[in-house]
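Presented below is the structure to which this report refers.
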Amino acid sequence: MRDRIHELESKELGSGALVALITFTDEGSLEAYEAHHDLGFALLRDPDRAAYRAFGLGRGSLARVWGLRAARRYAQLIRVGGWRRLHRPTEDTRQLGGDFVIDPAGRLSWSYRGAGPDDRPTVDEIVAAVEQANRH
Amino acid sequence: MSTSSPTVGDLAPEVTLVDRDGTPWRLAEQRGHTVVAIFHRHIH
C-alpha cells in the first residue's frame with residue numbers, strides 16, 4: 001500500500017486534484033504513520049468508520065482475509081525474523097479498503113471496492129480515473 | 001457490504017473526517033476539485 005501511495009504521489013494528477021488518505025486508526029498511530037511515511041497527501045481519520053460504511057466498504061470474510069495467502073505470508077515472516085516480529089493487530093483486520101474518485105461537481109465518477117486484503121487498483125487506473133473526472 | 005453503496009454517477013456521500021489536528025474535513029466542501037479518496041485497511 002505504501003509503495004502504491006508513493007507512486008501516486010509521483011504522478012501528475014492535474015491542477016486542483018486532492019488526494020485524501022483515509023484510515024480508521026487512532027490518533028497516536030496516525031501521527032506515527034505520518035511521521036514514518038512522510039506523505040504529501042491529506043491524512044484523515046474516520047474513527048467510527050462512518051465514511052467506510054457510506055461508501056459501501058464492508059468487512060471481508062475470515063476465509064478471505066486470513067486465508068492461505070496470509071498463512072504463507074506469516075510463515076515467510078517467521079522464517080525470516082522469528083515470532084518476535086509478529087504482534088497482535090490492534091485494529092479490525094477484516095475491514096476492506098477502497099478507492100474512489102469524486103469529480104468537481106461532487107459526483108462519484110469512479111470506484112473500486114477491494115474484495116480482499118490485496119485487492120486494490122493500480123496507480124495507473126487511479127490516474128486514468130482522475131483524468132476522466134478532470135474533464136467533466 | 002451495504003446495500004446502499006453509492007454507484008458511479010451518484011452524488012458522493014456527505015462524510016466528515018478529521019485531520020491530525022482534529023479539524024473536520026468535509027467532502028462536500030471540496031466541490032470544485034477532483035478528489036481521490038483512498039480508504040486504507042488497517043495500518044496497525
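By convention here, the chains of the C-alpha cells are called A, B, ... in the order presented, each chain's residues are numbered starting at 1, and ligands are numbered starting at 1 in the order presented.
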**OP:** Find the residues of chain A in contact range of chain B, meaning any atom within 8 Å when counting only C-alpha atoms, and list them as a ChimeraX atom specification.
**Re:** /A:16-25,27,29-31,33,42-46,50-59,89-111,117,130,133-134
If you keep C-alpha atoms, can you produce a file of those selected residues as a compact mmCIF listing (two decimals), in the first residue's frame?
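Final file, selection04.txt:
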```txt
# COMPACT_ATOMS: atom_id res chain seq x y z
CA GLY A 16 -6.72 21.11 -8.18
CA ALA A 17 -6.89 17.35 -7.65
CA LEU A 18 -6.89 16.42 -3.99
CA VAL A 19 -5.84 13.09 -2.59
CA ALA A 20 -7.20 12.05 0.79
CA LEU A 21 -5.83 9.00 2.58
CA ILE A 22 -8.45 7.76 5.00
CA THR A 23 -7.89 5.45 7.90
CA PHE A 24 -9.79 4.39 10.99
CA THR A 25 -6.74 4.17 13.17
CA GLU A 27 -4.77 9.48 16.67
CA SER A 29 -1.00 5.62 15.41
CA LEU A 30 -1.83 8.12 12.69
CA GLU A 31 0.87 10.50 13.87
CA TYR A 33 2.34 6.55 10.49
CA ALA A 42 -4.06 14.76 3.40
CA LEU A 43 -4.18 12.02 6.01
CA LEU A 44 -7.62 11.78 7.55
CA ARG A 45 -9.26 9.70 10.23
CA ASP A 46 -12.66 8.08 10.26
CA ALA A 50 -19.00 6.02 9.12
CA ALA A 51 -17.36 7.06 5.85
CA TYR A 52 -16.33 3.47 5.13
CA ARG A 53 -19.92 2.40 5.52
CA ALA A 54 -21.23 5.36 3.50
CA PHE A 55 -19.01 4.34 0.59
CA GLY A 56 -20.09 0.73 0.88
CA LEU A 57 -16.89 -0.67 2.30
CA GLY A 58 -17.62 -3.68 4.45
CA ARG A 59 -15.63 -6.35 6.21
CA PRO A 89 -3.12 -6.39 15.41
CA THR A 90 -4.91 -3.64 17.29
CA GLU A 91 -7.32 -2.77 14.53
CA ASP A 92 -10.04 -4.61 12.64
CA THR A 93 -8.06 -6.61 10.12
CA ARG A 94 -11.22 -7.61 8.29
CA GLN A 95 -12.11 -4.07 7.26
CA LEU A 96 -11.80 -3.79 3.50
CA GLY A 97 -10.40 -0.78 1.68
CA GLY A 98 -11.39 1.00 -1.46
CA ASP A 99 -10.52 3.81 -3.81
CA PHE A 100 -12.90 6.43 -5.17
CA VAL A 101 -12.69 9.42 -7.45
CA ILE A 102 -15.18 12.23 -6.96
CA ASP A 103 -15.50 14.78 -9.74
CA PRO A 104 -15.55 18.55 -9.16
CA ALA A 105 -19.37 18.51 -9.09
CA GLY A 106 -19.30 16.11 -6.16
CA ARG A 107 -20.37 13.03 -8.08
CA LEU A 108 -18.76 9.67 -7.75
CA SER A 109 -17.01 9.20 -11.07
CA TRP A 110 -15.06 6.02 -10.37
CA SER A 111 -14.99 3.42 -7.65
CA PRO A 117 -6.75 -7.62 1.55
CA VAL A 130 -8.71 11.29 -12.24
CA ALA A 133 -13.03 13.29 -13.77
CA ASN A 134 -10.97 16.40 -14.54
```
Original post:
How many Å lie between CA of Gly40 (chain A) and CA of Asp3 (chain A), rounded to one decimal?
Top reply: 13.3 Å
Subject >> Glu7 (chain A) environment, 12 Å, only C-alpha atoms, sequence neighbours closer than 5 positions dropped, as a VMD selection string >> reply: chain A and resid 1 to 2 12 to 13 39 to 40 122 to 124 126 to 127
**OP:** Using DSSP on the backbone, list every residue of chain A that comes out as helix (DSSP H, G or I), and give them as a ChimeraX atom specification.
**Re:** /A:2-9,27-37,50-54,62-65,68-81,83-85,123-134
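The coordinates place CA of Asp119 (chain A) at 10.9 Å from CA of Arg64 (chain A).
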**OP:** Among the residues of chain B, find those DSSP assigns to strand (DSSP E) from the backbone and print them as a ChimeraX atom specification.
**Re:** /B:16-18,24-26,35-39
Write the residues of the selection above to a file with all heavy atoms, as a PDB file, in the first residue's frame.
```
ATOM      1  N   THR B  16     -17.855  13.347   6.894  1.00  0.00           N
ATOM      2  CA  THR B  16     -16.942  14.257   7.595  1.00  0.00           C
ATOM      3  C   THR B  16     -15.851  13.427   8.253  1.00  0.00           C
ATOM      4  O   THR B  16     -16.138  12.488   9.002  1.00  0.00           O
ATOM      5  CB  THR B  16     -17.695  15.077   8.660  1.00  0.00           C
ATOM      6  OG1 THR B  16     -18.730  15.827   8.016  1.00  0.00           O
ATOM      7  CG2 THR B  16     -16.745  16.028   9.375  1.00  0.00           C
ATOM      8  N   LEU B  17     -14.632  13.791   7.956  1.00  0.00           N
ATOM      9  CA  LEU B  17     -13.469  13.117   8.528  1.00  0.00           C
ATOM     10  C   LEU B  17     -12.744  14.133   9.392  1.00  0.00           C
ATOM     11  O   LEU B  17     -13.139  15.297   9.452  1.00  0.00           O
ATOM     12  CB  LEU B  17     -12.577  12.608   7.398  1.00  0.00           C
ATOM     13  CG  LEU B  17     -13.327  11.726   6.381  1.00  0.00           C
ATOM     14  CD1 LEU B  17     -12.613  11.691   5.049  1.00  0.00           C
ATOM     15  CD2 LEU B  17     -13.510  10.334   6.915  1.00  0.00           C
ATOM     16  N   VAL B  18     -11.684  13.697  10.039  1.00  0.00           N
ATOM     17  CA  VAL B  18     -10.890  14.654  10.832  1.00  0.00           C
ATOM     18  C   VAL B  18      -9.423  14.523  10.447  1.00  0.00           C
ATOM     19  O   VAL B  18      -8.931  13.419  10.168  1.00  0.00           O
ATOM     20  CB  VAL B  18     -11.050  14.442  12.357  1.00  0.00           C
ATOM     21  CG1 VAL B  18     -12.423  14.873  12.821  1.00  0.00           C
ATOM     22  CG2 VAL B  18     -10.767  13.003  12.752  1.00  0.00           C
ATOM     23  N   PRO B  24     -12.328  19.143  11.423  1.00  0.00           N
ATOM     24  CA  PRO B  24     -13.201  18.414  10.496  1.00  0.00           C
ATOM     25  C   PRO B  24     -12.838  18.691   9.036  1.00  0.00           C
ATOM     26  O   PRO B  24     -12.484  19.822   8.675  1.00  0.00           O
ATOM     27  CB  PRO B  24     -14.594  18.962  10.817  1.00  0.00           C
ATOM     28  CG  PRO B  24     -14.478  19.516  12.186  1.00  0.00           C
ATOM     29  CD  PRO B  24     -13.086  20.050  12.296  1.00  0.00           C
ATOM     30  N   TRP B  25     -12.932  17.670   8.234  1.00  0.00           N
ATOM     31  CA  TRP B  25     -12.685  17.749   6.788  1.00  0.00           C
ATOM     32  C   TRP B  25     -13.926  17.179   6.128  1.00  0.00           C
ATOM     33  O   TRP B  25     -14.217  15.994   6.263  1.00  0.00           O
ATOM     34  CB  TRP B  25     -11.444  16.932   6.435  1.00  0.00           C
ATOM     35  CG  TRP B  25     -10.960  17.013   5.011  1.00  0.00           C
ATOM     36  CD1 TRP B  25      -9.964  17.801   4.514  1.00  0.00           C
ATOM     37  CD2 TRP B  25     -11.423  16.221   3.888  1.00  0.00           C
ATOM     38  NE1 TRP B  25      -9.777  17.561   3.173  1.00  0.00           N
ATOM     39  CE2 TRP B  25     -10.655  16.600   2.763  1.00  0.00           C
ATOM     40  CE3 TRP B  25     -12.408  15.244   3.727  1.00  0.00           C
ATOM     41  CZ2 TRP B  25     -10.835  16.033   1.500  1.00  0.00           C
ATOM     42  CZ3 TRP B  25     -12.594  14.689   2.468  1.00  0.00           C
ATOM     43  CH2 TRP B  25     -11.814  15.089   1.376  1.00  0.00           C
ATOM     44  N   ARG B  26     -14.676  18.068   5.460  1.00  0.00           N
ATOM     45  CA  ARG B  26     -15.950  17.638   4.875  1.00  0.00           C
ATOM     46  C   ARG B  26     -15.798  17.462   3.365  1.00  0.00           C
ATOM     47  O   ARG B  26     -15.369  18.402   2.672  1.00  0.00           O
ATOM     48  CB  ARG B  26     -17.038  18.663   5.184  1.00  0.00           C
ATOM     49  CG  ARG B  26     -17.344  18.780   6.670  1.00  0.00           C
ATOM     50  CD  ARG B  26     -18.417  19.809   6.989  1.00  0.00           C
ATOM     51  NE  ARG B  26     -18.639  19.869   8.425  1.00  0.00           N
ATOM     52  CZ  ARG B  26     -17.904  20.601   9.265  1.00  0.00           C
ATOM     53  NH1 ARG B  26     -16.907  21.362   8.799  1.00  0.00           N
ATOM     54  NH2 ARG B  26     -18.147  20.593  10.566  1.00  0.00           N
ATOM     55  N   VAL B  35     -11.469  14.802  -6.273  1.00  0.00           N
ATOM     56  CA  VAL B  35     -10.961  14.220  -5.031  1.00  0.00           C
ATOM     57  C   VAL B  35     -10.722  12.726  -5.233  1.00  0.00           C
ATOM     58  O   VAL B  35     -11.576  12.018  -5.769  1.00  0.00           O
ATOM     59  CB  VAL B  35     -11.955  14.424  -3.864  1.00  0.00           C
ATOM     60  CG1 VAL B  35     -11.450  13.727  -2.594  1.00  0.00           C
ATOM     61  CG2 VAL B  35     -12.181  15.907  -3.607  1.00  0.00           C
ATOM     62  N   VAL B  36      -9.555  12.287  -4.832  1.00  0.00           N
ATOM     63  CA  VAL B  36      -9.256  10.858  -4.799  1.00  0.00           C
ATOM     64  C   VAL B  36      -9.325  10.444  -3.330  1.00  0.00           C
ATOM     65  O   VAL B  36      -8.553  10.934  -2.507  1.00  0.00           O
ATOM     66  CB  VAL B  36      -7.848  10.546  -5.350  1.00  0.00           C
ATOM     67  CG1 VAL B  36      -7.607   9.033  -5.360  1.00  0.00           C
ATOM     68  CG2 VAL B  36      -7.661  11.136  -6.732  1.00  0.00           C
ATOM     69  N   ALA B  37     -10.258   9.598  -3.005  1.00  0.00           N
ATOM     70  CA  ALA B  37     -10.413   9.124  -1.617  1.00  0.00           C
ATOM     71  C   ALA B  37      -9.908   7.691  -1.540  1.00  0.00           C
ATOM     72  O   ALA B  37     -10.465   6.793  -2.181  1.00  0.00           O
ATOM     73  CB  ALA B  37     -11.876   9.205  -1.189  1.00  0.00           C
ATOM     74  N   ILE B  38      -8.842   7.534  -0.794  1.00  0.00           N
ATOM     75  CA  ILE B  38      -8.232   6.211  -0.659  1.00  0.00           C
ATOM     76  C   ILE B  38      -8.468   5.714   0.761  1.00  0.00           C
ATOM     77  O   ILE B  38      -7.933   6.265   1.720  1.00  0.00           O
ATOM     78  CB  ILE B  38      -6.728   6.283  -0.965  1.00  0.00           C
ATOM     79  CG1 ILE B  38      -6.524   6.734  -2.414  1.00  0.00           C
ATOM     80  CG2 ILE B  38      -6.055   4.931  -0.717  1.00  0.00           C
ATOM     81  CD1 ILE B  38      -5.076   6.956  -2.800  1.00  0.00           C
ATOM     82  N   PHE B  39      -9.302   4.719   0.870  1.00  0.00           N
ATOM     83  CA  PHE B  39      -9.628   4.151   2.180  1.00  0.00           C
ATOM     84  C   PHE B  39      -8.677   2.996   2.468  1.00  0.00           C
ATOM     85  O   PHE B  39      -8.703   1.965   1.796  1.00  0.00           O
ATOM     86  CB  PHE B  39     -11.070   3.641   2.209  1.00  0.00           C
ATOM     87  CG  PHE B  39     -12.113   4.724   2.224  1.00  0.00           C
ATOM     88  CD1 PHE B  39     -12.458   5.386   1.050  1.00  0.00           C
ATOM     89  CD2 PHE B  39     -12.754   5.077   3.403  1.00  0.00           C
ATOM     90  CE1 PHE B  39     -13.420   6.385   1.055  1.00  0.00           C
ATOM     91  CE2 PHE B  39     -13.724   6.070   3.424  1.00  0.00           C
ATOM     92  CZ  PHE B  39     -14.057   6.722   2.246  1.00  0.00           C
TER      93      PHE B  39
END
```
